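S.K.: File work.cif below, mmCIF, C-alpha atoms:
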```cif
data_start
loop_
_atom_site.group_PDB
_atom_site.id
_atom_site.type_symbol
_atom_site.label_atom_id
_atom_site.label_comp_id
_atom_site.auth_asym_id
_atom_site.auth_seq_id
_atom_site.Cartn_x
_atom_site.Cartn_y
_atom_site.Cartn_z
ATOM 1 C CA GLN A 192 -39.946 -30.087 -9.272
ATOM 2 C CA LYS A 193 -38.983 -27.716 -12.058
ATOM 3 C CA GLU A 194 -37.049 -24.667 -10.964
ATOM 4 C CA VAL A 195 -39.182 -22.248 -12.968
ATOM 5 C CA GLU A 196 -42.727 -23.128 -13.940
ATOM 6 C CA GLN A 197 -45.096 -21.179 -16.133
ATOM 7 C CA ASN A 198 -48.820 -21.573 -16.613
ATOM 8 C CA SER A 199 -49.429 -24.029 -19.382
ATOM 9 C CA GLY A 200 -50.688 -22.628 -22.618
ATOM 10 C CA PRO A 201 -51.601 -21.861 -25.124
ATOM 11 C CA LEU A 202 -53.424 -18.768 -23.904
ATOM 12 C CA SER A 203 -55.885 -17.035 -26.194
ATOM 13 C CA VAL A 204 -57.420 -13.613 -25.527
ATOM 14 C CA PRO A 205 -59.439 -11.196 -27.659
ATOM 15 C CA GLU A 206 -57.917 -7.954 -28.833
ATOM 16 C CA GLY A 207 -58.177 -5.258 -26.176
ATOM 17 C CA ALA A 208 -58.380 -7.710 -23.269
ATOM 18 C CA ILE A 209 -55.882 -8.197 -20.437
ATOM 19 C CA ALA A 210 -53.533 -11.156 -20.819
ATOM 20 C CA SER A 211 -52.187 -12.635 -17.586
ATOM 21 C CA LEU A 212 -49.060 -14.767 -17.584
ATOM 22 C CA ASN A 213 -47.857 -16.504 -14.434
ATOM 23 C CA CYS A 214 -44.601 -17.975 -13.213
ATOM 24 C CA THR A 215 -43.460 -19.674 -10.007
ATOM 25 C CA TYR A 216 -39.910 -20.427 -8.933
ATOM 26 C CA SER A 217 -38.337 -22.779 -6.426
ATOM 27 C CA ASP A 218 -35.188 -20.947 -5.275
ATOM 28 C CA ARG A 219 -36.330 -18.719 -2.420
ATOM 29 C CA GLY A 220 -33.080 -16.742 -2.608
ATOM 30 C CA SER A 221 -33.639 -15.621 -6.199
ATOM 31 C CA GLN A 222 -33.455 -11.867 -6.538
ATOM 32 C CA SER A 223 -34.082 -10.882 -10.153
ATOM 33 C CA PHE A 224 -36.866 -11.874 -12.495
ATOM 34 C CA PHE A 225 -37.290 -11.294 -16.183
ATOM 35 C CA TRP A 226 -39.926 -11.603 -18.863
ATOM 36 C CA TYR A 227 -38.828 -12.217 -22.425
ATOM 37 C CA ARG A 228 -40.983 -12.207 -25.539
ATOM 38 C CA GLN A 229 -40.101 -14.608 -28.340
ATOM 39 C CA TYR A 230 -41.728 -14.482 -31.747
ATOM 40 C CA SER A 231 -41.785 -17.706 -33.732
ATOM 41 C CA GLY A 232 -38.362 -18.474 -35.187
ATOM 42 C CA LYS A 233 -36.744 -15.473 -33.501
ATOM 43 C CA SER A 234 -34.567 -14.969 -30.442
ATOM 44 C CA PRO A 235 -35.988 -13.778 -27.100
ATOM 45 C CA GLU A 236 -36.150 -10.059 -26.358
ATOM 46 C CA LEU A 237 -36.312 -8.608 -22.849
ATOM 47 C CA ILE A 238 -39.540 -6.753 -22.102
ATOM 48 C CA MET A 239 -39.617 -6.451 -18.313
ATOM 49 C CA SER A 240 -37.398 -7.022 -15.298
ATOM 50 C CA ILE A 241 -38.290 -6.771 -11.609
ATOM 51 C CA TYR A 242 -36.546 -7.372 -8.300
ATOM 52 C CA SER A 243 -38.694 -5.636 -5.661
ATOM 53 C CA ASN A 244 -41.978 -6.931 -4.318
ATOM 54 C CA GLY A 245 -44.959 -5.236 -5.863
ATOM 55 C CA ASP A 246 -45.805 -3.954 -9.309
ATOM 56 C CA LYS A 247 -43.651 -2.446 -12.013
ATOM 57 C CA GLU A 248 -45.333 -0.820 -14.975
ATOM 58 C CA ASP A 249 -43.955 -0.038 -18.423
ATOM 59 C CA GLY A 250 -46.522 1.079 -20.942
ATOM 60 C CA ARG A 251 -49.070 -1.696 -21.430
ATOM 61 C CA PHE A 252 -46.949 -4.164 -19.453
ATOM 62 C CA THR A 253 -47.040 -4.690 -15.690
ATOM 63 C CA ALA A 254 -44.779 -7.132 -13.879
ATOM 64 C CA GLN A 255 -45.834 -8.267 -10.414
ATOM 65 C CA LEU A 256 -43.554 -9.937 -7.878
ATOM 66 C CA ASN A 257 -44.425 -11.686 -4.627
ATOM 67 C CA LYS A 258 -41.296 -13.183 -3.102
ATOM 68 C CA ALA A 259 -43.149 -14.712 -0.147
ATOM 69 C CA SER A 260 -45.243 -16.762 -2.560
ATOM 70 C CA GLN A 261 -42.345 -17.192 -5.008
ATOM 71 C CA TYR A 262 -44.552 -15.906 -7.752
ATOM 72 C CA VAL A 263 -44.060 -13.473 -10.601
ATOM 73 C CA SER A 264 -46.575 -12.464 -13.228
ATOM 74 C CA LEU A 265 -46.875 -10.349 -16.358
ATOM 75 C CA LEU A 266 -50.027 -8.476 -17.290
ATOM 76 C CA ILE A 267 -50.506 -7.143 -20.793
ATOM 77 C CA ARG A 268 -53.261 -4.537 -20.989
ATOM 78 C CA ASP A 269 -55.118 -3.678 -24.192
ATOM 79 C CA SER A 270 -53.659 -6.764 -25.875
ATOM 80 C CA GLN A 271 -52.841 -6.404 -29.558
ATOM 81 C CA PRO A 272 -52.416 -9.077 -32.249
ATOM 82 C CA SER A 273 -48.742 -8.049 -32.366
ATOM 83 C CA ASP A 274 -48.429 -9.317 -28.770
ATOM 84 C CA SER A 275 -48.976 -12.861 -30.050
ATOM 85 C CA ALA A 276 -45.768 -14.663 -29.111
ATOM 86 C CA THR A 277 -44.269 -17.004 -26.552
ATOM 87 C CA TYR A 278 -43.456 -15.367 -23.234
ATOM 88 C CA LEU A 279 -40.550 -16.747 -21.239
ATOM 89 C CA CYS A 280 -40.098 -16.222 -17.519
ATOM 90 C CA ALA A 281 -36.469 -16.209 -16.328
ATOM 91 C CA VAL A 282 -35.018 -16.176 -12.831
ATOM 92 C CA ARG A 283 -31.484 -15.157 -11.910
ATOM 93 C CA GLU A 284 -29.805 -17.645 -9.580
ATOM 94 C CA THR A 285 -28.965 -16.577 -6.063
ATOM 95 C CA SER A 286 -25.266 -16.259 -6.826
ATOM 96 C CA GLY A 287 -23.832 -15.473 -10.217
ATOM 97 C CA SER A 288 -25.406 -14.213 -13.389
ATOM 98 C CA ARG A 289 -26.964 -17.235 -15.040
ATOM 99 C CA LEU A 290 -30.674 -17.265 -15.750
ATOM 100 C CA THR A 291 -33.001 -20.252 -15.530
ATOM 101 C CA PHE A 292 -35.908 -20.151 -17.958
ATOM 102 C CA GLY A 293 -39.395 -21.572 -17.801
ATOM 103 C CA GLU A 294 -40.808 -23.448 -20.761
ATOM 104 C CA GLY A 295 -42.785 -20.450 -21.925
ATOM 105 C CA THR A 296 -46.446 -19.629 -22.438
ATOM 106 C CA GLN A 297 -47.726 -19.162 -25.966
ATOM 107 C CA LEU A 298 -50.103 -16.212 -26.219
ATOM 108 C CA THR A 299 -52.467 -15.596 -29.120
ATOM 109 C CA VAL A 300 -54.382 -12.323 -29.359
ATOM 110 C CA ASN A 301 -57.367 -12.657 -31.663
ATOM 111 C CA PRO A 302 -58.500 -9.612 -33.690
ATOM 112 C CA ASP B 36 -24.362 -0.622 -33.142
ATOM 113 C CA GLY B 37 -23.456 -3.004 -30.352
ATOM 114 C CA GLY B 38 -24.848 -6.475 -30.336
ATOM 115 C CA ILE B 39 -24.284 -10.200 -30.607
ATOM 116 C CA THR B 40 -23.696 -11.866 -33.955
ATOM 117 C CA GLN B 41 -24.330 -15.561 -34.408
ATOM 118 C CA SER B 42 -23.376 -17.421 -37.547
ATOM 119 C CA PRO B 43 -24.403 -19.219 -39.555
ATOM 120 C CA LYS B 44 -28.152 -18.701 -39.323
ATOM 121 C CA TYR B 45 -28.803 -22.222 -40.631
ATOM 122 C CA LEU B 46 -26.450 -25.183 -40.362
ATOM 123 C CA PHE B 47 -26.762 -28.752 -41.546
ATOM 124 C CA ARG B 48 -24.737 -31.521 -39.965
ATOM 125 C CA LYS B 49 -24.131 -34.991 -41.253
ATOM 126 C CA GLU B 50 -24.038 -37.951 -38.908
ATOM 127 C CA GLY B 51 -20.678 -38.232 -37.134
ATOM 128 C CA GLN B 52 -19.582 -34.724 -38.027
ATOM 129 C CA ASN B 53 -18.423 -31.982 -35.675
ATOM 130 C CA VAL B 54 -19.720 -28.479 -36.360
ATOM 131 C CA THR B 55 -18.882 -25.125 -34.781
ATOM 132 C CA LEU B 56 -21.330 -22.320 -34.148
ATOM 133 C CA SER B 57 -19.928 -18.815 -33.933
ATOM 134 C CA CYS B 58 -20.887 -16.162 -31.369
ATOM 135 C CA GLU B 59 -19.263 -12.713 -31.341
ATOM 136 C CA GLN B 60 -20.262 -9.709 -29.220
ATOM 137 C CA ASN B 61 -19.109 -6.089 -29.216
ATOM 138 C CA LEU B 62 -20.954 -5.079 -26.051
ATOM 139 C CA ASN B 63 -17.888 -5.455 -23.841
ATOM 140 C CA HIS B 64 -19.823 -7.998 -21.791
ATOM 141 C CA ASP B 65 -17.870 -10.282 -19.489
ATOM 142 C CA ALA B 66 -20.254 -13.245 -19.376
ATOM 143 C CA MET B 67 -21.446 -15.301 -22.320
ATOM 144 C CA TYR B 68 -23.855 -18.226 -22.529
ATOM 145 C CA TRP B 69 -25.028 -20.937 -24.897
ATOM 146 C CA TYR B 70 -28.593 -22.187 -24.712
ATOM 147 C CA ARG B 71 -30.415 -24.831 -26.656
ATOM 148 C CA GLN B 72 -34.119 -24.585 -27.478
ATOM 149 C CA ASP B 73 -36.178 -27.477 -28.783
ATOM 150 C CA PRO B 74 -39.602 -26.943 -30.399
ATOM 151 C CA GLY B 75 -42.166 -25.842 -27.842
ATOM 152 C CA GLN B 76 -39.584 -25.872 -25.074
ATOM 153 C CA GLY B 77 -37.811 -23.313 -22.965
ATOM 154 C CA LEU B 78 -34.094 -22.597 -23.002
ATOM 155 C CA ARG B 79 -31.639 -25.081 -21.541
ATOM 156 C CA LEU B 80 -28.122 -23.984 -20.607
ATOM 157 C CA ILE B 81 -25.264 -25.780 -22.348
ATOM 158 C CA TYR B 82 -22.135 -23.860 -21.271
ATOM 159 C CA TYR B 83 -21.303 -20.455 -19.884
ATOM 160 C CA SER B 84 -18.242 -18.324 -19.333
ATOM 161 C CA GLN B 85 -17.872 -15.426 -16.928
ATOM 162 C CA ILE B 86 -14.289 -14.479 -17.812
ATOM 163 C CA VAL B 87 -11.784 -15.153 -20.565
ATOM 164 C CA ASN B 88 -10.113 -18.578 -20.473
ATOM 165 C CA ASP B 89 -12.700 -19.950 -18.061
ATOM 166 C CA PHE B 90 -16.029 -21.675 -18.633
ATOM 167 C CA GLN B 91 -18.450 -23.946 -16.803
ATOM 168 C CA LYS B 92 -20.797 -26.711 -17.822
ATOM 169 C CA GLY B 93 -24.471 -25.967 -17.794
ATOM 170 C CA ASP B 94 -27.310 -28.445 -17.465
ATOM 171 C CA ILE B 95 -26.845 -30.263 -20.797
ATOM 172 C CA ALA B 96 -23.119 -30.035 -21.636
ATOM 173 C CA GLU B 97 -22.632 -33.610 -22.851
ATOM 174 C CA GLY B 98 -21.683 -33.727 -26.524
ATOM 175 C CA TYR B 99 -20.704 -30.046 -26.662
ATOM 176 C CA SER B 100 -17.466 -28.126 -26.185
ATOM 177 C CA VAL B 101 -16.578 -24.424 -25.967
ATOM 178 C CA SER B 102 -13.608 -22.098 -25.755
ATOM 179 C CA ARG B 103 -13.210 -18.523 -24.531
ATOM 180 C CA GLU B 104 -9.888 -17.231 -25.790
ATOM 181 C CA LYS B 105 -11.156 -13.695 -26.332
ATOM 182 C CA LYS B 106 -13.684 -11.614 -24.456
ATOM 183 C CA GLU B 107 -15.661 -11.034 -27.643
ATOM 184 C CA SER B 108 -15.927 -14.632 -28.819
ATOM 185 C CA PHE B 109 -17.513 -17.807 -27.421
ATOM 186 C CA PRO B 110 -17.762 -20.524 -30.104
ATOM 187 C CA LEU B 111 -19.722 -23.717 -29.495
ATOM 188 C CA THR B 112 -18.732 -27.044 -31.064
ATOM 189 C CA VAL B 113 -21.388 -29.698 -31.425
ATOM 190 C CA THR B 114 -19.515 -32.977 -31.469
ATOM 191 C CA SER B 115 -20.483 -36.342 -32.902
ATOM 192 C CA ALA B 116 -21.131 -37.452 -29.311
ATOM 193 C CA GLN B 117 -24.257 -35.287 -29.255
ATOM 194 C CA LYS B 118 -26.832 -37.776 -30.496
ATOM 195 C CA ASN B 119 -29.747 -35.423 -30.993
ATOM 196 C CA PRO B 120 -28.334 -32.026 -31.973
ATOM 197 C CA THR B 121 -31.244 -30.750 -34.066
ATOM 198 C CA ALA B 122 -32.360 -27.581 -32.242
ATOM 199 C CA PHE B 123 -32.258 -23.785 -32.155
ATOM 200 C CA TYR B 124 -29.047 -22.554 -30.510
ATOM 201 C CA LEU B 125 -28.943 -19.187 -28.801
ATOM 202 C CA CYS B 126 -25.940 -17.243 -27.587
ATOM 203 C CA ALA B 127 -26.369 -14.559 -24.938
ATOM 204 C CA SER B 128 -24.208 -12.160 -22.974
ATOM 205 C CA THR B 129 -24.384 -9.910 -19.951
ATOM 206 C CA THR B 130 -22.173 -8.088 -17.494
ATOM 207 C CA PRO B 131 -22.531 -9.294 -13.911
ATOM 208 C CA GLY B 132 -22.672 -6.490 -11.410
ATOM 209 C CA GLN B 133 -24.565 -4.109 -13.689
ATOM 210 C CA GLY B 134 -27.529 -4.261 -11.400
ATOM 211 C CA LEU B 135 -30.247 -6.689 -10.454
ATOM 212 C CA THR B 136 -32.407 -5.854 -13.451
ATOM 213 C CA TYR B 137 -29.697 -6.283 -16.062
ATOM 214 C CA GLY B 138 -30.714 -9.231 -18.213
ATOM 215 C CA TYR B 139 -29.219 -10.995 -21.175
ATOM 216 C CA THR B 140 -28.775 -9.764 -24.702
ATOM 217 C CA PHE B 141 -29.388 -12.554 -27.203
ATOM 218 C CA GLY B 142 -28.015 -13.202 -30.638
ATOM 219 C CA SER B 143 -30.356 -14.074 -33.488
ATOM 220 C CA GLY B 144 -29.707 -17.799 -33.159
ATOM 221 C CA THR B 145 -28.458 -20.697 -35.271
ATOM 222 C CA ARG B 146 -30.824 -23.409 -36.384
ATOM 223 C CA LEU B 147 -28.962 -26.724 -36.601
ATOM 224 C CA THR B 148 -30.405 -29.692 -38.454
ATOM 225 C CA VAL B 149 -28.987 -33.192 -38.768
ATOM 226 C CA VAL B 150 -29.250 -34.601 -42.287
#
```
Just give me the structure as structure tokens.

M.R.:
Amino acid sequence: QKEVEQNSGPLSVPEGAIASLNCTYSDRGSQSFFWYRQYSGKSPELIMSIYSNGDKEDGRFTAQLNKASQYVSLLIRDSQPSDSATYLCAVRETSGSRLTFGEGTQLTVNP
Amino acid sequence: DGGITQSPKYLFRKEGQNVTLSCEQNLNHDAMYWYRQDPGQGLRLIYYSQIVNDFQKGDIAEGYSVSREKKESFPLTVTSAQKNPTAFYLCASTTPGQGLTYGYTFGSGTRLTVV
């Protein structure tokens, strides 16, 4: 079983729609969760982090965490073509600072 | 401005050759990491270092070596023992203890190709 799994892509949504990206993790003791956006050929950039159960909103982005289900998601409202990228879910290990990444979900927002 | 600088941006390696990828940060971060990314794949951890003069193997350390002689620098050597080194290499840093939501800062990456 992979430590961090993301919903397989690619995911395609029309402009203005809500894009939903999902991630599950296997280490029940994990405490911090991150979403990175990676444009083709570029390095990842951090867009959201969350560590408490529930929702965390930042502009058009909402991260949702459910530790009981070991599930974290990212919602992108009013999706724009500029949101087209690969989104990486990362989980911080129980002890230490290293992050484990999922394989990523490629999102395409169609004008 | 603070950040992480990786060089070179593109690197070509001949068969049997060792090459070194540079990673320098001026963020005063304690921990530094090297990840490898293959096309369509996520990031896999090669090596990491949480303090100067100490480092640990990640999940795919075979064929790679690192050093951490200075807080700012964490170079990665891809040795001839690494049979399939063509990939995108990413360096990252962070400071443990900054809080649960403190993630990594990434460099811009080095794309290594075997010729």

S.K.: Any idea what's packed within 9 Å of stretch 87-97 of chain B, counting all atoms listed in the file, ignoring anything in its chain fewer than 6 positions away? Could you give it as a PDB file with C-alpha atoms, in the coordinates of the input?

M.R.:
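This is the output file part_21.pdb:
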```pdb
ATOM      1  CA  ASP B  65     -17.870 -10.282 -19.489  1.00  0.00           C
ATOM      2  CA  ALA B  66     -20.254 -13.245 -19.376  1.00  0.00           C
ATOM      3  CA  TRP B  69     -25.028 -20.937 -24.897  1.00  0.00           C
ATOM      4  CA  TYR B  70     -28.593 -22.187 -24.712  1.00  0.00           C
ATOM      5  CA  ARG B  71     -30.415 -24.831 -26.656  1.00  0.00           C
ATOM      6  CA  ARG B  79     -31.639 -25.081 -21.541  1.00  0.00           C
ATOM      7  CA  LEU B  80     -28.122 -23.984 -20.607  1.00  0.00           C
ATOM      8  CA  ILE B  81     -25.264 -25.780 -22.348  1.00  0.00           C
ATOM      9  CA  ARG B 103     -13.210 -18.523 -24.531  1.00  0.00           C
ATOM     10  CA  GLU B 104      -9.888 -17.231 -25.790  1.00  0.00           C
ATOM     11  CA  LYS B 105     -11.156 -13.695 -26.332  1.00  0.00           C
ATOM     12  CA  LYS B 106     -13.684 -11.614 -24.456  1.00  0.00           C
ATOM     13  CA  ALA B 116     -21.131 -37.452 -29.311  1.00  0.00           C
ATOM     14  CA  GLN B 117     -24.257 -35.287 -29.255  1.00  0.00           C
TER      15      GLN B 117
END
```

S.K.: Using only C-alpha atoms, find each residue in chain B having at least one atom no more than 9 Å away from chain A; report its shortest atom-to-atom pair and that distance in Å (one decimal), rows by chain then rising number, as CSV.

M.R.:
```
residue,atom,partner,partner_atom,distance
B:Ala66,CA,A:Ser288,CA,8.0
B:Tyr68,CA,A:Arg289,CA,8.2
B:Gly75,CA,A:Glu294,CA,7.6
B:Gln76,CA,A:Glu294,CA,5.1
B:Gly77,CA,A:Glu294,CA,3.7
B:Leu78,CA,A:Phe292,CA,5.9
B:Arg79,CA,A:Phe292,CA,7.4
B:Leu80,CA,A:Thr291,CA,8.0
B:Tyr83,CA,A:Arg289,CA,8.1
B:Gln85,CA,A:Ser288,CA,8.4
B:Phe123,CA,A:Gly232,CA,8.6
B:Leu125,CA,A:Ser234,CA,7.2
B:Thr129,CA,A:Ser288,CA,7.9
B:Thr130,CA,A:Ser288,CA,8.1
B:Pro131,CA,A:Ser288,CA,5.7
B:Gly132,CA,A:Ser288,CA,8.4
B:Leu135,CA,A:Ser223,CA,5.7
B:Thr136,CA,A:Ser240,CA,5.4
B:Tyr137,CA,A:Ser240,CA,7.8
B:Gly138,CA,A:Phe225,CA,7.2
B:Tyr139,CA,A:Leu237,CA,7.7
B:Thr140,CA,A:Glu236,CA,7.6
B:Phe141,CA,A:Ser234,CA,6.6
B:Gly142,CA,A:Ser234,CA,6.8
B:Ser143,CA,A:Ser234,CA,5.3
B:Gly144,CA,A:Ser234,CA,6.2
```

S.K.: For the file shown, what are the residues hit by the PyMOL selection byres ((chain B and resi 47) around 6), laid out as a ChimeraX atom specification?

M.R.: /B:46,48,147-149

S.K.: Compile the contact shell of A:Gly250 as a ChimeraX atom specification: residues with an atom at most 12 Å away, counting only C-alpha atoms, same-chain residues fewer than 3 positions apart removed.

M.R.: /A:238-239,247,253-254,266-270

S.K.: I'd like to know which of B:Val54, B:Ile39, B:Val101, B:Ile86 is closest to B:Ser115, using only C-alpha atoms.

M.R.: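 Counting only C-alpha atoms, the residue closest to B:Ser115 is B:Val54.
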
S.K.: Show which residues sit within 6 Å of B:Leu111, as a PyMOL selection string. Count all atoms listed in the file, and ignore same-chain residues fewer than 4 positions away.

M.R.: chain B and resi 55-56+100-101

S.K.: My list of candidates is A:Leu265, A:Glu194, A:Arg251, A:Ser286. Which is closest to A:Tyr216 when distances are computed with only C-alpha atoms?

M.R.: A:Glu194

S.K.: Atom CA of A:Glu196 and atom CA of A:Leu298 are how many Å apart?

M.R.: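 According to the coordinates, atom CA of A:Glu196 and atom CA of A:Leu298 are separated by 15.9 Å.
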
S.K.: List the residues selected by the PyMOL selection byres ((chain A and resi 221) around 6) in the file shown, writing them as a PyMOL selection string.

M.R.: chain A and resi 218-220+222+284-285
